[in-house]
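Text of upload13.pdb, listed as PDB, C-alpha atoms:
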ATOM      1  CA  MET A   1      28.593   4.468 -11.310
ATOM      2  CA  ASN A   2      28.331   8.170 -10.456
ATOM      3  CA  THR A   3      24.944   8.798 -12.100
ATOM      4  CA  LEU A   4      21.744   6.778 -11.804
ATOM      5  CA  LYS A   5      18.331   7.281 -13.379
ATOM      6  CA  VAL A   6      15.295   6.725 -11.166
ATOM      7  CA  GLY A   7      11.847   5.996 -12.541
ATOM      8  CA  THR A   8       8.855   7.410 -10.696
ATOM      9  CA  ARG A   9       5.213   8.209 -11.194
ATOM     10  CA  GLY A  10       4.395  11.885 -11.389
ATOM     11  CA  SER A  11       1.932  12.183  -8.512
ATOM     12  CA  LEU A  12       2.846  14.414  -5.593
ATOM     13  CA  LEU A  13       3.133  11.444  -3.224
ATOM     14  CA  ALA A  14       5.198   9.364  -5.663
ATOM     15  CA  LEU A  15       7.594  12.262  -6.246
ATOM     16  CA  THR A  16       7.857  12.934  -2.513
ATOM     17  CA  GLN A  17       8.667   9.293  -1.811
ATOM     18  CA  THR A  18      11.173   9.070  -4.647
ATOM     19  CA  ARG A  19      12.931  12.267  -3.645
ATOM     20  CA  TRP A  20      13.198  11.040  -0.061
ATOM     21  CA  VAL A  21      14.837   7.826  -1.295
ATOM     22  CA  CYS A  22      17.214   9.801  -3.522
ATOM     23  CA  ALA A  23      18.198  12.088  -0.645
ATOM     24  CA  GLN A  24      19.006   9.063   1.520
ATOM     25  CA  LEU A  25      21.075   7.502  -1.254
ATOM     26  CA  LYS A  26      23.041  10.690  -1.885
ATOM     27  CA  SER A  27      23.743  10.989   1.831
ATOM     28  CA  ALA A  28      25.018   7.413   1.932
ATOM     29  CA  HIS A  29      26.987   7.736  -1.327
ATOM     30  CA  PRO A  30      28.644  11.191  -1.535
ATOM     31  CA  GLY A  31      29.153  12.213  -5.151
ATOM     32  CA  LEU A  32      26.240  10.126  -6.441
ATOM     33  CA  SER A  33      24.058  11.947  -8.988
ATOM     34  CA  ILE A  34      20.472  10.849  -9.665
ATOM     35  CA  GLU A  35      18.342  11.886 -12.630
ATOM     36  CA  GLU A  36      14.573  11.768 -12.170
ATOM     37  CA  VAL A  37      12.507  10.209 -14.973
ATOM     38  CA  ILE A  38       8.736  10.602 -14.657
ATOM     39  CA  ILE A  39       6.784   7.718 -16.168
ATOM     40  CA  THR A  40       3.022   7.643 -16.716
ATOM     41  CA  THR A  41       1.379   4.357 -15.715
ATOM     42  CA  HIS A  42      -1.999   2.975 -16.781
ATOM     43  CA  GLY A  43      -3.438   4.070 -13.437
ATOM     44  CA  ASP A  44      -2.201   7.621 -13.985
ATOM     45  CA  ALA A  45      -3.530   7.849 -17.537
ATOM     46  CA  VAL A  46      -7.007   6.426 -16.911
ATOM     47  CA  THR A  47      -8.692   8.833 -14.527
ATOM     48  CA  ASP A  48     -12.324   8.549 -15.606
ATOM     49  CA  ARG A  49     -12.931   4.954 -14.451
ATOM     50  CA  PRO A  50     -12.823   3.396 -10.977
ATOM     51  CA  VAL A  51     -10.143   0.838 -10.188
ATOM     52  CA  ASP A  52     -11.972  -2.475 -10.528
ATOM     53  CA  ALA A  53     -11.479  -6.083 -11.616
ATOM     54  CA  SER A  54     -11.282  -5.041 -15.282
ATOM     55  CA  TRP A  55      -8.000  -3.198 -14.722
ATOM     56  CA  PRO A  56      -4.766  -4.926 -15.746
ATOM     57  CA  VAL A  57      -2.567  -6.352 -12.994
ATOM     58  CA  GLY A  58       0.097  -3.864 -11.938
ATOM     59  CA  SER A  59      -1.753  -0.828 -13.267
ATOM     60  CA  PHE A  60       0.420   1.558 -11.261
ATOM     61  CA  VAL A  61       3.776  -0.204 -11.752
ATOM     62  CA  THR A  62       4.004  -2.044 -15.083
ATOM     63  CA  ALA A  63       5.213   0.982 -17.075
ATOM     64  CA  LEU A  64       7.988   1.538 -14.524
ATOM     65  CA  GLU A  65       9.028  -2.104 -14.694
ATOM     66  CA  GLU A  66       9.098  -1.975 -18.495
ATOM     67  CA  ALA A  67      11.361   1.074 -18.344
ATOM     68  CA  LEU A  68      13.678  -0.799 -15.981
ATOM     69  CA  LEU A  69      13.852  -3.852 -18.217
ATOM     70  CA  ALA A  70      14.511  -1.633 -21.249
ATOM     71  CA  GLY A  71      17.414   0.057 -19.474
ATOM     72  CA  GLU A  72      15.719   3.464 -19.562
ATOM     73  CA  VAL A  73      16.095   3.813 -15.779
ATOM     74  CA  ASP A  74      18.372   2.139 -13.241
ATOM     75  CA  PHE A  75      15.935   1.827 -10.370
ATOM     76  CA  ALA A  76      12.316   2.600  -9.556
ATOM     77  CA  VAL A  77      10.581   3.587  -6.335
ATOM     78  CA  HIS A  78       7.161   2.066  -5.707
ATOM     79  CA  SER A  79       4.562   2.119  -2.989
ATOM     80  CA  TYR A  80       5.041  -1.542  -2.102
ATOM     81  CA  LYS A  81       1.311  -2.215  -1.853
ATOM     82  CA  ASP A  82       0.947  -1.419  -5.582
ATOM     83  CA  LEU A  83       3.228  -4.269  -6.655
ATOM     84  CA  PRO A  84       1.944  -7.669  -7.812
ATOM     85  CA  THR A  85       3.063 -10.535  -5.574
ATOM     86  CA  GLU A  86       5.712 -11.655  -8.083
ATOM     87  CA  SER A  87       8.382  -9.515  -9.784
ATOM     88  CA  PRO A  88       8.980  -9.956 -13.514
ATOM     89  CA  GLN A  89      11.966 -12.053 -14.496
ATOM     90  CA  GLY A  90      15.079  -9.904 -14.525
ATOM     91  CA  LEU A  91      13.895  -7.539 -11.778
ATOM     92  CA  VAL A  92      14.335  -7.648  -8.012
ATOM     93  CA  ILE A  93      13.284  -5.640  -4.973
ATOM     94  CA  ALA A  94      16.816  -4.603  -4.062
ATOM     95  CA  ALA A  95      15.903  -2.616  -0.940
ATOM     96  CA  VAL A  96      12.971  -2.055   1.387
ATOM     97  CA  PRO A  97      13.555   1.117   3.445
ATOM     98  CA  PRO A  98      12.192   1.600   6.976
ATOM     99  CA  ARG A  99       8.419   1.669   6.932
ATOM    100  CA  GLU A 100       6.198   4.637   7.634
ATOM    101  CA  VAL A 101       3.092   4.030   9.786
ATOM    102  CA  PRO A 102       0.910   1.289   8.220
ATOM    103  CA  HIS A 103      -2.580   2.174   9.457
ATOM    104  CA  ASP A 104      -5.509   3.971   7.805
ATOM    105  CA  VAL A 105      -7.145   7.167   8.987
ATOM    106  CA  LEU A 106     -10.637   8.595   8.633
ATOM    107  CA  VAL A 107     -10.397  12.291   7.804
ATOM    108  CA  THR A 108     -13.708  13.935   8.688
ATOM    109  CA  ARG A 109     -15.403  17.242   7.879
ATOM    110  CA  GLU A 110     -16.324  17.809  11.541
ATOM    111  CA  PRO A 111     -15.259  16.191  14.834
ATOM    112  CA  ALA A 112     -16.592  12.626  14.990
ATOM    113  CA  ASP A 113     -16.640   9.549  17.225
ATOM    114  CA  LEU A 114     -15.647   6.435  15.288
ATOM    115  CA  ASP A 115     -18.005   4.138  17.197
ATOM    116  CA  ASN A 116     -20.928   6.586  17.148
ATOM    117  CA  LEU A 117     -21.067   7.846  13.583
ATOM    118  CA  PRO A 118     -24.532   9.151  12.661
ATOM    119  CA  ALA A 119     -26.764   7.131  10.346
ATOM    120  CA  GLY A 120     -26.093   7.908   6.697
ATOM    121  CA  PHE A 121     -22.526   9.093   7.340
ATOM    122  CA  ARG A 122     -20.962   9.457   3.875
ATOM    123  CA  VAL A 123     -17.418   8.122   3.493
ATOM    124  CA  GLY A 124     -15.352   8.387   0.324
ATOM    125  CA  THR A 125     -13.266   5.351  -0.627
ATOM    126  CA  SER A 126     -12.911   3.038  -3.625
ATOM    127  CA  SER A 127     -11.152   0.235  -1.743
ATOM    128  CA  PRO A 128     -13.360  -2.867  -1.290
ATOM    129  CA  ARG A 129     -11.497  -3.612   1.953
ATOM    130  CA  ARG A 130     -12.156  -0.139   3.354
ATOM    131  CA  VAL A 131     -15.773  -0.235   2.148
ATOM    132  CA  ALA A 132     -16.400  -3.505   4.003
ATOM    133  CA  GLN A 133     -14.677  -2.213   7.144
ATOM    134  CA  MET A 134     -16.690   1.012   7.141
ATOM    135  CA  HIS A 135     -19.993  -0.812   6.695
ATOM    136  CA  ARG A 136     -19.326  -2.769   9.873
ATOM    137  CA  LEU A 137     -19.641   0.500  11.798
ATOM    138  CA  GLY A 138     -23.350   0.755  11.068
ATOM    139  CA  ASP A 139     -25.481   2.676   8.581
ATOM    140  CA  ILE A 140     -22.550   4.078   6.616
ATOM    141  CA  GLN A 141     -22.792   5.201   2.990
ATOM    142  CA  THR A 142     -19.628   4.708   0.950
ATOM    143  CA  VAL A 143     -18.948   6.796  -2.142
ATOM    144  CA  PRO A 144     -16.310   5.749  -4.705
ATOM    145  CA  ILE A 145     -13.570   8.338  -5.204
ATOM    146  CA  ARG A 146     -10.214   8.429  -6.992
ATOM    147  CA  GLY A 147      -7.273  10.772  -7.189
ATOM    148  CA  ASN A 148      -4.132  11.671  -5.300
ATOM    149  CA  VAL A 149      -4.199  12.542  -1.598
ATOM    150  CA  PRO A 150      -4.943  16.295  -1.972
ATOM    151  CA  THR A 151      -7.635  15.553  -4.566
ATOM    152  CA  ARG A 152      -9.385  13.060  -2.298
ATOM    153  CA  LEU A 153      -9.289  15.477   0.602
ATOM    154  CA  LYS A 154     -10.920  18.152  -1.569
ATOM    155  CA  LYS A 155     -13.720  15.733  -2.416
ATOM    156  CA  ILE A 156     -15.008  16.051   1.149
ATOM    157  CA  GLU A 157     -16.338  19.470   0.143
ATOM    158  CA  GLN A 158     -16.811  18.845  -3.575
ATOM    159  CA  GLU A 159     -18.949  15.717  -3.129
ATOM    160  CA  ASP A 160     -20.556  16.615   0.201
ATOM    161  CA  LEU A 161     -18.831  13.801   2.069
ATOM    162  CA  ASP A 162     -18.565  13.464   5.825
ATOM    163  CA  GLY A 163     -15.115  11.921   5.517
ATOM    164  CA  VAL A 164     -12.594   9.976   3.462
ATOM    165  CA  VAL A 165     -10.382   7.005   4.348
ATOM    166  CA  LEU A 166      -6.691   7.387   3.523
ATOM    167  CA  ALA A 167      -3.387   5.773   4.395
ATOM    168  CA  ALA A 168      -1.800   7.618   7.302
ATOM    169  CA  ALA A 169       1.595   7.204   5.626
ATOM    170  CA  GLY A 170       0.586   9.368   2.670
ATOM    171  CA  LEU A 171      -0.484  12.239   4.895
ATOM    172  CA  LYS A 172       2.712  12.008   6.952
ATOM    173  CA  ARG A 173       5.009  11.916   3.931
ATOM    174  CA  LEU A 174       3.266  14.912   2.410
ATOM    175  CA  GLY A 175       3.206  16.824   5.689
ATOM    176  CA  ILE A 176      -0.582  17.244   5.512
ATOM    177  CA  GLU A 177      -2.332  17.662   8.869
ATOM    178  CA  PRO A 178      -6.129  17.884   8.450
ATOM    179  CA  PRO A 179      -7.970  19.343  11.443
ATOM    180  CA  TYR A 180     -10.084  16.235  12.111
ATOM    181  CA  VAL A 181      -8.369  12.865  11.801
ATOM    182  CA  ILE A 182      -9.313   9.557  13.421
ATOM    183  CA  ASP A 183      -6.616   6.877  13.514
ATOM    184  CA  LEU A 184      -8.208   3.559  12.562
ATOM    185  CA  PRO A 185      -6.824   0.855  14.903
ATOM    186  CA  PRO A 186      -4.963  -1.650  12.696
ATOM    187  CA  ASP A 187      -6.220  -4.616  14.703
ATOM    188  CA  ARG A 188      -9.822  -3.700  13.782
ATOM    189  CA  PHE A 189      -9.234  -2.003  10.440
ATOM    190  CA  VAL A 190      -6.440  -4.205   9.160
ATOM    191  CA  PRO A 191      -4.566  -2.217   6.487
ATOM    192  CA  ALA A 192      -3.569  -3.250   2.983
ATOM    193  CA  PRO A 193      -0.586  -5.613   2.870
ATOM    194  CA  ALA A 194       2.669  -3.596   2.715
ATOM    195  CA  GLN A 195       0.864  -0.281   3.312
ATOM    196  CA  GLY A 196       3.329   2.412   4.333
ATOM    197  CA  ALA A 197       6.314   0.530   2.890
ATOM    198  CA  LEU A 198       8.395   1.447  -0.147
ATOM    199  CA  ALA A 199      10.027  -0.932  -2.618
ATOM    200  CA  ILE A 200      13.177  -0.008  -4.528
ATOM    201  CA  GLN A 201      13.286  -2.151  -7.650
ATOM    202  CA  THR A 202      16.315  -2.723  -9.881
ATOM    203  CA  ARG A 203      17.441  -5.095 -12.576
ATOM    204  CA  THR A 204      18.834  -8.366 -11.243
ATOM    205  CA  GLU A 205      22.144  -7.637 -12.963
ATOM    206  CA  GLY A 206      23.991  -4.339 -12.682
ATOM    207  CA  GLU A 207      25.431  -1.939 -10.143
ATOM    208  CA  ALA A 208      22.255  -0.213  -9.010
ATOM    209  CA  GLY A 209      21.136  -3.055  -6.732
ATOM    210  CA  GLY A 210      24.284  -2.806  -4.667
ATOM    211  CA  ILE A 211      24.038   0.968  -4.434
ATOM    212  CA  VAL A 212      20.428   1.063  -3.187
ATOM    213  CA  ALA A 213      20.938  -1.875  -0.794
ATOM    214  CA  VAL A 214      22.209   0.565   1.830
ATOM    215  CA  LEU A 215      18.558   1.532   2.508
ATOM    216  CA  GLU A 216      17.468  -2.026   3.368
ATOM    217  CA  ASP A 217      15.585  -2.444   6.655
ATOM    218  CA  ASP A 218      15.344  -6.080   7.706
ATOM    219  CA  ALA A 219      12.332  -5.688  10.008
ATOM    220  CA  THR A 220      10.299  -3.956   7.306
ATOM    221  CA  ARG A 221      11.297  -6.583   4.735
ATOM    222  CA  ARG A 222      10.180  -9.407   7.055
ATOM    223  CA  ALA A 223       6.871  -7.711   7.824
ATOM    224  CA  VAL A 224       6.140  -7.078   4.151
ATOM    225  CA  VAL A 225       7.081 -10.615   3.118
ATOM    226  CA  GLY A 226       4.620 -11.963   5.684
ATOM    227  CA  GLU A 227       1.812  -9.631   4.676
ATOM    228  CA  ARG A 228       2.237 -10.236   0.962
ATOM    229  CA  SER A 229       2.323 -13.986   1.577
ATOM    230  CA  VAL A 230      -1.261 -13.623   2.804
ATOM    231  CA  LEU A 231      -2.116 -12.041  -0.566
ATOM    232  CA  ALA A 232      -0.412 -14.851  -2.445
ATOM    233  CA  GLY A 233      -2.004 -17.491  -0.236
ATOM    234  CA  VAL A 234      -5.565 -16.324  -0.894
ATOM    235  CA  ASN A 235      -4.726 -15.612  -4.559
ATOM    236  CA  ALA A 236      -5.849 -12.039  -4.042
ATOM    237  CA  GLY A 237      -6.027  -9.316  -6.643
ATOM    238  CA  CYS A 238      -6.083  -5.567  -6.061
ATOM    239  CA  GLN A 239      -9.877  -5.679  -5.587
ATOM    240  CA  THR A 240      -9.938  -8.511  -3.035
ATOM    241  CA  PRO A 241     -11.128  -7.176   0.344
ATOM    242  CA  VAL A 242      -8.183  -8.458   2.379
ATOM    243  CA  GLY A 243      -5.876  -6.828   4.909
ATOM    244  CA  ALA A 244      -2.671  -7.996   6.572
ATOM    245  CA  TRP A 245      -0.587  -6.355   9.277
ATOM    246  CA  ALA A 246       2.631  -7.707  10.760
ATOM    247  CA  THR A 247       4.756  -6.622  13.686
ATOM    248  CA  VAL A 248       8.327  -7.848  14.004
ATOM    249  CA  ASP A 249      10.393  -8.272  17.159
ATOM    250  CA  GLY A 250      13.816  -9.696  16.362
ATOM    251  CA  ASN A 251      13.216 -13.040  14.679
ATOM    252  CA  ALA A 252       9.599 -13.228  15.838
ATOM    253  CA  ILE A 253       6.708 -12.055  13.674
ATOM    254  CA  GLU A 254       3.052 -11.645  14.610
ATOM    255  CA  LEU A 255       0.703 -11.364  11.651
ATOM    256  CA  ARG A 256      -2.971 -10.433  11.669
ATOM    257  CA  GLY A 257      -5.140 -11.086   8.631
ATOM    258  CA  GLN A 258      -8.653  -9.925   7.808
ATOM    259  CA  MET A 259     -10.680 -10.915   4.758
ATOM    260  CA  PHE A 260     -14.243 -10.267   3.665
ATOM    261  CA  SER A 261     -16.463 -12.156   1.272
ATOM    262  CA  ASP A 262     -16.766 -10.363  -2.052
ATOM    263  CA  GLU A 263     -20.077  -8.807  -1.050
ATOM    264  CA  GLY A 264     -18.609  -7.771   2.314
ATOM    265  CA  VAL A 265     -21.205  -9.708   4.338
ATOM    266  CA  HIS A 266     -18.917 -12.271   5.935
ATOM    267  CA  LEU A 267     -15.686 -11.578   7.811
ATOM    268  CA  ALA A 268     -12.761 -13.874   8.551
ATOM    269  CA  GLU A 269      -9.900 -13.013  10.898
ATOM    270  CA  SER A 270      -6.750 -14.788  12.019
ATOM    271  CA  VAL A 271      -3.592 -14.090  14.012
ATOM    272  CA  GLU A 272      -0.486 -16.240  13.642
ATOM    273  CA  ARG A 273       2.984 -16.078  15.169
ATOM    274  CA  GLY A 274       6.286 -17.602  14.153
ATOM    275  CA  GLU A 275       9.743 -16.865  12.802
ATOM    276  CA  ASP A 276       9.345 -17.585   9.076
ATOM    277  CA  PRO A 277       7.376 -14.644   7.597
ATOM    278  CA  GLN A 278       6.303 -16.537   4.494
ATOM    279  CA  ALA A 279       5.114 -19.570   6.449
ATOM    280  CA  VAL A 280       3.198 -17.375   8.896
ATOM    281  CA  GLY A 281       1.580 -15.504   6.007
ATOM    282  CA  PHE A 282       0.457 -18.664   4.276
ATOM    283  CA  ALA A 283      -0.909 -20.017   7.577
ATOM    284  CA  VAL A 284      -3.035 -16.867   7.977
ATOM    285  CA  ALA A 285      -4.250 -17.197   4.387
ATOM    286  CA  ARG A 286      -5.339 -20.803   4.918
ATOM    287  CA  ARG A 287      -7.324 -19.893   8.011
ATOM    288  CA  LEU A 288      -9.030 -16.980   6.290
ATOM    289  CA  LEU A 289     -10.094 -19.136   3.353
ATOM    290  CA  VAL A 290     -11.391 -21.924   5.619
ATOM    291  CA  GLN A 291     -13.429 -19.472   7.696
ATOM    292  CA  LEU A 292     -15.032 -17.807   4.672
ATOM    293  CA  GLN A 293     -15.820 -21.167   3.068
ATOM    294  CA  ALA A 294     -17.546 -22.247   6.274
ATOM    295  CA  LYS A 295     -19.687 -19.087   6.273
ATOM    296  CA  ALA A 296     -20.626 -19.220   2.585
TER     297      ALA A 296
END
Go through the file and emit its structure as structure tokens.
Amino acid sequence: MNTLKVGTRGSLLALTQTRWVCAQLKSAHPGLSIEEVIITTHGDAVTDRPVDASWPVGSFVTALEEALLAGEVDFAVHSYKDLPTESPQGLVIAAVPPREVPHDVLVTREPADLDNLPAGFRVGTSSPRRVAQMHRLGDIQTVPIRGNVPTRLKKIEQEDLDGVVLAAAGLKRLGIEPPYVIDLPPDRFVPAPAQGALAIQTRTEGEAGGIVAVLEDDATRRAVVGERSVLAGVNAGCQTPVGAWATVDGNAIELRGQMFSDEGVHLAESVERGEDPQAVGFAVARRLLVQLQAKA
């Protein structure tokens, strides 16, 4: 197969990620041609409502998966954290490339000290996990915002915010370097499961899976499997305030989980170690659920 079609969302970050993947594939397979197909997802089309529990599962990926199943594209590039915990029948995550940094950052209007933010500090984020984490810093006001990375950065001025919380990976991939950035330690501000990782999805049958497999990174795959097993174990949706962060050293995996009650009042945390990422992830999930039930 000399030509493949790749499905991608049309946001700047999605295009940047997809084009990076395509460049790596062309380098590994000289003579390979890739045609870019931009697909609008539910999340891209609905811009006037916040992402909440009323949104369909897979709001940012379902349209891409449908295009794959219909044979309109040969593979799709996703931000792994956007994917539901189970792939549709007939599709597979054929490759997980090396991960970018997984942690969050707080981009601020002026220089700031994370542990001494002034009362009433206004932070833009629509993530329930990030909201709960920010509120643990003190008298913090959180303001819901949506949009791509540049749009959210602009909202600091447009909505008179003191800062916004973003994934560090998005800034790095886009080459954006704001003047005031605080790295949020992932052991305290546990990031979204699979944050910073990409997923290359193909049909189960066909040549594309074998072609993209050259980008597989085993350590990233193991980390992501563990983190997403926490999601599956707590039966979490996209609005569940839960984080999971794994580090991998050879066969060993260390996985930290953090989960808040729906109102963000109670916090559960757990760290597990082992060699089976899925088993470690489910063990973390069980501990988180037990802790929150005890505090209810």
> What residues come out when you apply the PyMOL selection byres ((chain A and resi 281-296) around 12) to this file, written as a PyMOL selection string?
Replying inline: chain A and resi 193+222-236+241-246+253-280
>> Suppose a student applies the PyMOL selection byres ((chain A and resi 6-20) around 9) to this structure; what residues should they get, written as a PyMOL selection string?
In response: chain A and resi 4-5+21-25+34-41+44+60-61+64-65+67-68+72-79+148-150+170-171+173-174+198
Go ahead and write the residues just picked, C-alpha atoms, as an mmCIF file, keeping the file's coordinate frame.
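Below is the file that was written, selection.cif:
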data_model
loop_
_atom_site.group_PDB
_atom_site.id
_atom_site.type_symbol
_atom_site.label_atom_id
_atom_site.label_comp_id
_atom_site.auth_asym_id
_atom_site.auth_seq_id
_atom_site.Cartn_x
_atom_site.Cartn_y
_atom_site.Cartn_z
ATOM 1 C CA LEU A 4 21.744 6.778 -11.804
ATOM 2 C CA LYS A 5 18.331 7.281 -13.379
ATOM 3 C CA VAL A 21 14.837 7.826 -1.295
ATOM 4 C CA CYS A 22 17.214 9.801 -3.522
ATOM 5 C CA ALA A 23 18.198 12.088 -0.645
ATOM 6 C CA GLN A 24 19.006 9.063 1.520
ATOM 7 C CA LEU A 25 21.075 7.502 -1.254
ATOM 8 C CA ILE A 34 20.472 10.849 -9.665
ATOM 9 C CA GLU A 35 18.342 11.886 -12.630
ATOM 10 C CA GLU A 36 14.573 11.768 -12.170
ATOM 11 C CA VAL A 37 12.507 10.209 -14.973
ATOM 12 C CA ILE A 38 8.736 10.602 -14.657
ATOM 13 C CA ILE A 39 6.784 7.718 -16.168
ATOM 14 C CA THR A 40 3.022 7.643 -16.716
ATOM 15 C CA THR A 41 1.379 4.357 -15.715
ATOM 16 C CA ASP A 44 -2.201 7.621 -13.985
ATOM 17 C CA PHE A 60 0.420 1.558 -11.261
ATOM 18 C CA VAL A 61 3.776 -0.204 -11.752
ATOM 19 C CA LEU A 64 7.988 1.538 -14.524
ATOM 20 C CA GLU A 65 9.028 -2.104 -14.694
ATOM 21 C CA ALA A 67 11.361 1.074 -18.344
ATOM 22 C CA LEU A 68 13.678 -0.799 -15.981
ATOM 23 C CA GLU A 72 15.719 3.464 -19.562
ATOM 24 C CA VAL A 73 16.095 3.813 -15.779
ATOM 25 C CA ASP A 74 18.372 2.139 -13.241
ATOM 26 C CA PHE A 75 15.935 1.827 -10.370
ATOM 27 C CA ALA A 76 12.316 2.600 -9.556
ATOM 28 C CA VAL A 77 10.581 3.587 -6.335
ATOM 29 C CA HIS A 78 7.161 2.066 -5.707
ATOM 30 C CA SER A 79 4.562 2.119 -2.989
ATOM 31 C CA ASN A 148 -4.132 11.671 -5.300
ATOM 32 C CA VAL A 149 -4.199 12.542 -1.598
ATOM 33 C CA PRO A 150 -4.943 16.295 -1.972
ATOM 34 C CA GLY A 170 0.586 9.368 2.670
ATOM 35 C CA LEU A 171 -0.484 12.239 4.895
ATOM 36 C CA ARG A 173 5.009 11.916 3.931
ATOM 37 C CA LEU A 174 3.266 14.912 2.410
ATOM 38 C CA LEU A 198 8.395 1.447 -0.147
#
Each residue of stretch 166-209 of chain A with at least one atom at most 12 Å from stretch 117-134 of chain A should appear once, together with its nearest atom pair and the corresponding distance in Å (one decimal); atoms considered: all atoms listed in the file; ordering: chain, then increasing residue number; output as CSV.
residue,atom,partner,partner_atom,distance
A:Leu166,CA,A:Thr125,CA,8.0
A:Ala167,CA,A:Arg130,CA,10.6
A:Ile182,CA,A:Leu117,CA,11.9
A:Leu184,CA,A:Gln133,CA,10.2
A:Pro185,CA,A:Gln133,CA,11.5
A:Pro186,CA,A:Gln133,CA,11.2
A:Asp187,CA,A:Gln133,CA,11.6
A:Arg188,CA,A:Gln133,CA,8.4
A:Phe189,CA,A:Gln133,CA,6.4
A:Val190,CA,A:Gln133,CA,8.7
A:Pro191,CA,A:Arg129,CA,8.4
A:Ala192,CA,A:Arg129,CA,8.0
A:Pro193,CA,A:Arg129,CA,11.1
> Could you name the residues that touch A:Thr202 at 6 Å or less, counting all atoms listed in the file, but leaving out those on the same chain fewer than 4 positions away, as an MDAnalysis selection string?
Replying inline: chainID A and resid 75 91:92 209
Write to file, as a PDB file, in the frame of the given file, the residues of the selection just made, with C-alpha atoms.
ATOM      1  CA  PHE A  75      15.935   1.827 -10.370  1.00  0.00           C
ATOM      2  CA  LEU A  91      13.895  -7.539 -11.778  1.00  0.00           C
ATOM      3  CA  VAL A  92      14.335  -7.648  -8.012  1.00  0.00           C
ATOM      4  CA  GLY A 209      21.136  -3.055  -6.732  1.00  0.00           C
TER       5      GLY A 209
END
>> For this structure, which residues satisfy the selection - the PyMOL selection byres ((chain A and resi 213) around 12) - when it is evaluated on the file as given? I want them as an MDAnalysis selection string.
In response: chainID A and resid 21 24:25 28:29 75 92:97 199:202 207:212 214:218
> In Å to one decimal, how far is atom CA of A:Thr3 from atom CA of A:Glu205?
Replying inline: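 According to the coordinates, atom CA of A:Glu205 and atom CA of A:Thr3 are separated by 16.7 Å.
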> Please, what distance in Å, to one decimal, runs between atom CA of A:Asp139 and atom CA of A:Tyr180?
Replying inline: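 Going from atom CA of A:Asp139 over to atom CA of A:Tyr180, I get 20.8 Å.
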> Restricting the calculation to all atoms listed in the file, which member of A:Ala194, A:Ala252, A:Gly147, A:Ala63 is positioned closest to A:Thr85?
Replying inline: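 With all atoms listed in the file as the atom set, the closest residue is A:Ala194.
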> When distances are computed from all atoms listed in the file, which of A:Asn116, A:Asn251, A:Thr142, A:Thr151 shows the smallest separation from A:Gly163?
Replying inline: A:Thr142
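Interatomic distance, atom CA of A:Val181 against atom CA of A:Gln158: 18.5 Å.
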> Which residue out of A:Glu177, A:Lys172, A:Leu106, A:Gly250 has the minimum interatomic distance to A:Ile156 when all atoms listed in the file are used?
Replying inline: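 Checking each candidate against A:Ile156, we get A:Leu106 as the closest.
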> Closest to A:Val248 among A:Thr220, A:Ala70, A:Gln89, A:Val164, using all atoms listed in the file?
Replying inline: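 Smallest distance to A:Val248 is found for A:Thr220.
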Starting from the sparse input, extend stretch 71-82 of chain A to N, CA and C atoms and give the output as a short mmCIF file (atom, residue, chain, number, x, y, z; two decimals), keeping the file's coordinate frame.
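Written file, part-v3.cif:
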data_model
loop_
_atom_site.label_atom_id
_atom_site.label_comp_id
_atom_site.auth_asym_id
_atom_site.auth_seq_id
_atom_site.Cartn_x
_atom_site.Cartn_y
_atom_site.Cartn_z
N GLY A 71 16.20 -0.69 -19.77
CA GLY A 71 17.41 0.06 -19.47
C GLY A 71 17.23 1.57 -19.51
N GLU A 72 15.97 2.02 -19.51
CA GLU A 72 15.72 3.46 -19.56
C GLU A 72 15.95 4.12 -18.20
N VAL A 73 15.79 3.35 -17.13
CA VAL A 73 16.10 3.81 -15.78
C VAL A 73 16.87 2.72 -15.07
N ASP A 74 17.55 3.10 -13.99
CA ASP A 74 18.37 2.14 -13.24
C ASP A 74 17.66 1.58 -12.02
N PHE A 75 16.75 2.34 -11.47
CA PHE A 75 15.94 1.83 -10.37
C PHE A 75 14.61 2.57 -10.35
N ALA A 76 13.64 1.99 -9.67
CA ALA A 76 12.32 2.60 -9.56
C ALA A 76 11.88 2.54 -8.10
N VAL A 77 11.12 3.54 -7.69
CA VAL A 77 10.58 3.59 -6.34
C VAL A 77 9.07 3.39 -6.41
N HIS A 78 8.59 2.39 -5.71
CA HIS A 78 7.16 2.07 -5.71
C HIS A 78 6.59 2.17 -4.30
N SER A 79 5.30 2.46 -4.20
CA SER A 79 4.56 2.12 -2.99
C SER A 79 4.41 0.60 -3.03
N TYR A 80 4.95 -0.08 -2.02
CA TYR A 80 5.04 -1.54 -2.10
C TYR A 80 3.68 -2.19 -2.30
N LYS A 81 2.63 -1.59 -1.75
CA LYS A 81 1.31 -2.22 -1.85
C LYS A 81 0.78 -2.24 -3.28
N ASP A 82 1.39 -1.44 -4.19
CA ASP A 82 0.95 -1.42 -5.58
C ASP A 82 1.51 -2.57 -6.40
#
